[in-house]
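J.: Please see the structure below; I have some questions.
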Amino acid sequence: MPSPTITTLLEGHRSQPHQLIEALQDVQKHYGYISEDSMRSISDELGVSLMEVYSVASFYKAFSLQPRGKNIIAVCTGTACHVRGAKMVLNQAISQIGAEPGEISKDGLFTIEHVNCLGACALGPVVTENESVHHHMDPGKLRKLIKSLKKGDKEGASHV
Amino acid sequence: MTQEVTVNIDGAFIRAPKGSTVLDAALGAGICIPHLCRVPYLEDIGACRLCIVEHIENGRSKITTSCTLLVQEGMRILSNTDRIRKLRRNIAELLVTEAPNSRAIQDIALRCGVVETRYPFRNSDCVLCGRCVRACTGHFGEKAIGFVGRGKDRRVESPFNLYSELCNECGRCIDLCPMTIVPCDGNMKPGEGRLCGNCESKMLTEEAAQGYCIGCYMGDGFQCERSITNTL
Ligand code: SF4
Ligand code: FES
Ligand code: FES
């Protein structure tokens, strides 16, 4: 059953198939992910076939089809970050959170992702936590970051 | 009245209706350009890249797929140069490596001169030609299957991978899928990157054939447009 909010969310896009991506972005922003139900509602409201909605949603990395944690930790595994030890950082993140990349942690707080390059290679290894960017990461720093995020202590986190 | 233009394909002047593709024109004139993803009467998406040709424009040659290239007056096309043959052989080699278990793909590989593959076989069951996706009409044009994901995760699926209520069970997707054609069991052993090449396809790899259609049986294998129109 589509919740009333999704109908209001899609208000501006109704019957405008070309706004498919915008509609998906809105849903993603609002719910943190795009569920099967939301895709069905988008298909109905915009007049786009379900197959097309699903194709587009699964094509872009920016859209997540699974629920995601409150905090998104993206570890850059691009070439520059890789040679500076991004792999260790990623493994540390996985063991700290206890969930594989793309999955949601048990407490619902975290999702790890790996991205291919954030365009800040000189600062590698780079990790982004929600909107803020952390440079020269190592497993120790990451542990601290995750700890402080768990405490909900945002101030401390942004200086790591 | 349909307007016609004249194109020069491999030195032959061919008249073709405006709006048709170079591949259409060539096949109509008996010039065989290998192709896989193209199905007559469906839109072309240029997925398999087998039908590449050289398009000579202002003295410069550009390589592009002939199934998505529309004919223009005075166009010059070369479909069987060394360069094209080499590229096409590489494409066919990759295709047959990905999915060696189809007679259609095996035949195409032989036709393009692949005898041995340099890579281990992958034995996948889809080459992402998109024939099924384009043939599907679903309910009132709402397709029941489509491409999902991208890059190496691209695959053909119905929404959420559930049995789709949009499917009419027409079976057209299966009819058109090259992977449904039983492989030749010649000397090709599983895991061995060698094609047997003892079939009728062999004659087309000979230099004398020069890329012209000689009405081979191979067409049946991959539903070559000529063989379809011959049997209609
Ligand atoms: S399932 Fe068959 S027809 Fe469909 S894309 Fe794959 S190989 Fe082509
Ligand atoms: S490789 Fe990590 S920012 Fe470029
Ligand atoms: S037939 Fe032209 S790309 Fe497949």
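Naming scheme: A, B, ... for chains in displayed order of the structure tokens; residues 1 onward per chain; ligands 1 onward as shown.
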Write out as a Markdown table a residue-level contact list of chain A versus ligand 2 with cut-off 9 Å: for each qualifying residue the closest pair of atoms and the distance in Å to one decimal, counting only C-alpha atoms and all ligand atoms, rows sorted by chain and residue number upward.
T.:
| residue | atom | partner | partner_atom_place_in_ligand_line | distance |
| --- | --- | --- | --- | --- |
| A:Val75 | CA | ligand 2 | 2 (Fe) | 8.1 |
| A:Cys76 | CA | ligand 2 | 2 (Fe) | 4.7 |
| A:Thr77 | CA | ligand 2 | 2 (Fe) | 5.9 |
| A:Gly78 | CA | ligand 2 | 1 (S) | 3.5 |
| A:Thr79 | CA | ligand 2 | 1 (S) | 4.8 |
| A:Ala80 | CA | ligand 2 | 1 (S) | 4.1 |
| A:Cys81 | CA | ligand 2 | 2 (Fe) | 4.3 |
| A:His82 | CA | ligand 2 | 1 (S) | 6.8 |
| A:Val83 | CA | ligand 2 | 1 (S) | 8.8 |
| A:Ala86 | CA | ligand 2 | 2 (Fe) | 8.2 |
| A:Val115 | CA | ligand 2 | 2 (Fe) | 8.0 |
| A:Asn116 | CA | ligand 2 | 1 (S) | 6.4 |
| A:Cys117 | CA | ligand 2 | 4 (Fe) | 3.9 |
| A:Leu118 | CA | ligand 2 | 3 (S) | 4.0 |
| A:Gly119 | CA | ligand 2 | 3 (S) | 4.5 |
| A:Ala120 | CA | ligand 2 | 3 (S) | 4.1 |
| A:Cys121 | CA | ligand 2 | 4 (Fe) | 3.7 |
| A:Ala122 | CA | ligand 2 | 3 (S) | 7.3 |
| A:Leu123 | CA | ligand 2 | 3 (S) | 7.1 |
| A:Gly124 | CA | ligand 2 | 2 (Fe) | 5.5 |
| A:Pro125 | CA | ligand 2 | 2 (Fe) | 5.9 |
| A:Val126 | CA | ligand 2 | 2 (Fe) | 5.6 |
| A:Val127 | CA | ligand 2 | 2 (Fe) | 8.3 |
J.: How would the residues just chosen look if you wrote them out with C-alpha atoms as a PDB file, in the first residue's frame?
T.:
ATOM      1  CA  VAL A  75      35.287   4.348   1.521  1.00  0.00           C
ATOM      2  CA  CYS A  76      37.109   5.337  -1.623  1.00  0.00           C
ATOM      3  CA  THR A  77      38.774   2.351  -3.257  1.00  0.00           C
ATOM      4  CA  GLY A  78      39.980   4.225  -6.326  1.00  0.00           C
ATOM      5  CA  THR A  79      43.534   3.696  -7.553  1.00  0.00           C
ATOM      6  CA  ALA A  80      45.202   6.412  -5.498  1.00  0.00           C
ATOM      7  CA  CYS A  81      43.391   5.487  -2.313  1.00  0.00           C
ATOM      8  CA  HIS A  82      43.934   1.814  -2.971  1.00  0.00           C
ATOM      9  CA  VAL A  83      47.712   2.126  -3.077  1.00  0.00           C
ATOM     10  CA  ALA A  86      42.044   1.850   1.342  1.00  0.00           C
ATOM     11  CA  VAL A 115      33.183   4.272  -4.343  1.00  0.00           C
ATOM     12  CA  ASN A 116      35.710   4.442  -7.106  1.00  0.00           C
ATOM     13  CA  CYS A 117      37.137   7.913  -6.825  1.00  0.00           C
ATOM     14  CA  LEU A 118      35.993  10.971  -4.982  1.00  0.00           C
ATOM     15  CA  GLY A 119      38.254  13.306  -6.890  1.00  0.00           C
ATOM     16  CA  ALA A 120      40.471  14.074  -3.923  1.00  0.00           C
ATOM     17  CA  CYS A 121      43.245  11.593  -4.651  1.00  0.00           C
ATOM     18  CA  ALA A 122      46.013  13.662  -3.060  1.00  0.00           C
ATOM     19  CA  LEU A 123      44.230  13.385   0.270  1.00  0.00           C
ATOM     20  CA  GLY A 124      43.813   9.605   0.139  1.00  0.00           C
ATOM     21  CA  PRO A 125      42.699   7.352   1.588  1.00  0.00           C
ATOM     22  CA  VAL A 126      39.477   9.303   1.592  1.00  0.00           C
ATOM     23  CA  VAL A 127      36.335   8.355   3.490  1.00  0.00           C
TER      24      VAL A 127
END
J.: Contacts from chain A to chain B, 8 Å maximum, only C-alpha atoms: show me the residue list as a ChimeraX atom specification.
T.: /A:36,49-52,54-56,58-60
J.: Store the residues of this selection in a file with C-alpha atoms, as a compact mmCIF listing (two decimals), in the first residue's frame.
T.:
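Final output, selection_10.txt:
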# COMPACT_ATOMS: atom_id res chain seq x y z
CA GLU A 36 9.36 -2.07 -4.42
CA SER A 49 6.20 1.08 -17.13
CA LEU A 50 7.36 -0.72 -14.02
CA MET A 51 10.11 -2.39 -15.98
CA GLU A 52 11.53 0.96 -16.96
CA TYR A 54 13.21 -0.80 -12.23
CA SER A 55 15.80 -0.63 -15.03
CA VAL A 56 16.62 2.99 -14.30
CA SER A 58 18.97 -0.40 -10.74
CA PHE A 59 21.25 1.31 -13.24
CA TYR A 60 22.40 4.27 -11.16
J.: What's the separation between atom 2 (Fe, counted along the ligand's line) of ligand 3 and atom CA of Ala47 of chain B, in Å to one decimal place?
T.: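 Taking atom 2 (Fe, counted along the ligand's line) of ligand 3 as the start and atom CA of Ala47 of chain B as the end point, the length is 6.6 Å.
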J.: What does the distance between atom CA of Leu70 of chain B and atom CA of Val96 of chain B come to in Å, to one decimal place?
T.: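 It comes out at 28.3 Å.
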J.: Would you work out the distance separating atom CA of Asp125 of chain B from atom CA of Ile181 of chain B, expressed in Å to one decimal?
T.: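 That distance, rounded to one decimal, is 11.3 Å.
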J.: Any residue with an atom at most 9 Å from ligand 1 counts, using only C-alpha atoms and all ligand atoms. Which are they? Put them as a list in words.
T.: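 Answer in the requested format: Cys37, Ala99, Asp125, Cys126, Val127, Leu128, Cys129, Gly130, Arg131, Cys132, Val133, Arg134, Ala135, Gly146, Phe147, Arg155, Val156, Glu157, Cys173, Ile174, Asp175, Leu176, Cys177, Pro178, Met179 and Thr180 of chain B.
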J.: Could you list, as an MDAnalysis selection string, all the residues within 12 Å of ligand 3, counting only C-alpha atoms and all ligand atoms?
T.: chainID B and resid 21:24 27 32:40 42:53 63:70 88 91:92 95 108 127:131 222:225
J.: Save out the residues we just selected, C-alpha atoms, as an mmCIF file, in the first residue's frame.
T.:
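Saved to again22.cif:
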data_model
loop_
_atom_site.group_PDB
_atom_site.id
_atom_site.type_symbol
_atom_site.label_atom_id
_atom_site.label_comp_id
_atom_site.auth_asym_id
_atom_site.auth_seq_id
_atom_site.Cartn_x
_atom_site.Cartn_y
_atom_site.Cartn_z
ATOM 1 C CA THR B 21 19.932 1.152 -42.499
ATOM 2 C CA VAL B 22 23.214 0.330 -44.173
ATOM 3 C CA LEU B 23 22.923 -3.219 -42.890
ATOM 4 C CA ASP B 24 19.506 -3.561 -44.556
ATOM 5 C CA LEU B 27 21.847 -7.679 -46.842
ATOM 6 C CA CYS B 32 26.840 -10.500 -45.825
ATOM 7 C CA ILE B 33 27.724 -8.387 -42.842
ATOM 8 C CA PRO B 34 27.673 -10.629 -39.758
ATOM 9 C CA HIS B 35 25.075 -9.505 -37.244
ATOM 10 C CA LEU B 36 23.466 -10.911 -34.170
ATOM 11 C CA CYS B 37 21.322 -8.509 -32.201
ATOM 12 C CA ARG B 38 19.484 -7.138 -35.207
ATOM 13 C CA VAL B 39 15.971 -8.457 -35.749
ATOM 14 C CA PRO B 40 14.022 -7.207 -38.760
ATOM 15 C CA LEU B 42 12.406 -4.281 -34.323
ATOM 16 C CA GLU B 43 14.326 -1.147 -33.443
ATOM 17 C CA ASP B 44 18.099 -1.574 -33.498
ATOM 18 C CA ILE B 45 20.173 -0.842 -30.451
ATOM 19 C CA GLY B 46 23.626 -1.810 -31.683
ATOM 20 C CA ALA B 47 24.272 -4.159 -28.784
ATOM 21 C CA CYS B 48 26.449 -6.888 -30.271
ATOM 22 C CA ARG B 49 28.767 -4.660 -32.348
ATOM 23 C CA LEU B 50 29.306 -7.430 -34.893
ATOM 24 C CA CYS B 51 27.957 -5.477 -37.804
ATOM 25 C CA ILE B 52 30.694 -2.827 -37.735
ATOM 26 C CA VAL B 53 31.718 -1.244 -41.031
ATOM 27 C CA ILE B 63 34.058 2.632 -37.632
ATOM 28 C CA THR B 64 30.463 2.269 -36.624
ATOM 29 C CA THR B 65 27.696 -0.319 -36.473
ATOM 30 C CA SER B 66 25.853 -0.606 -39.751
ATOM 31 C CA CYS B 67 22.536 -1.566 -38.127
ATOM 32 C CA THR B 68 22.262 1.872 -36.564
ATOM 33 C CA LEU B 69 23.681 3.803 -39.531
ATOM 34 C CA LEU B 70 21.067 5.201 -41.889
ATOM 35 C CA ARG B 88 35.100 -8.185 -35.825
ATOM 36 C CA ILE B 91 34.304 -9.059 -30.945
ATOM 37 C CA ALA B 92 33.194 -12.503 -32.045
ATOM 38 C CA LEU B 95 31.083 -13.277 -27.629
ATOM 39 C CA ILE B 108 29.091 -16.384 -35.902
ATOM 40 C CA VAL B 127 24.965 -12.417 -24.378
ATOM 41 C CA LEU B 128 22.866 -9.313 -23.661
ATOM 42 C CA CYS B 129 21.865 -8.894 -27.270
ATOM 43 C CA GLY B 130 18.520 -7.505 -26.134
ATOM 44 C CA ARG B 131 16.512 -9.387 -28.755
ATOM 45 C CA PHE B 222 21.397 -17.086 -35.772
ATOM 46 C CA GLN B 223 18.269 -16.081 -37.595
ATOM 47 C CA CYS B 224 20.108 -14.085 -40.177
ATOM 48 C CA GLU B 225 17.672 -11.749 -41.789
#
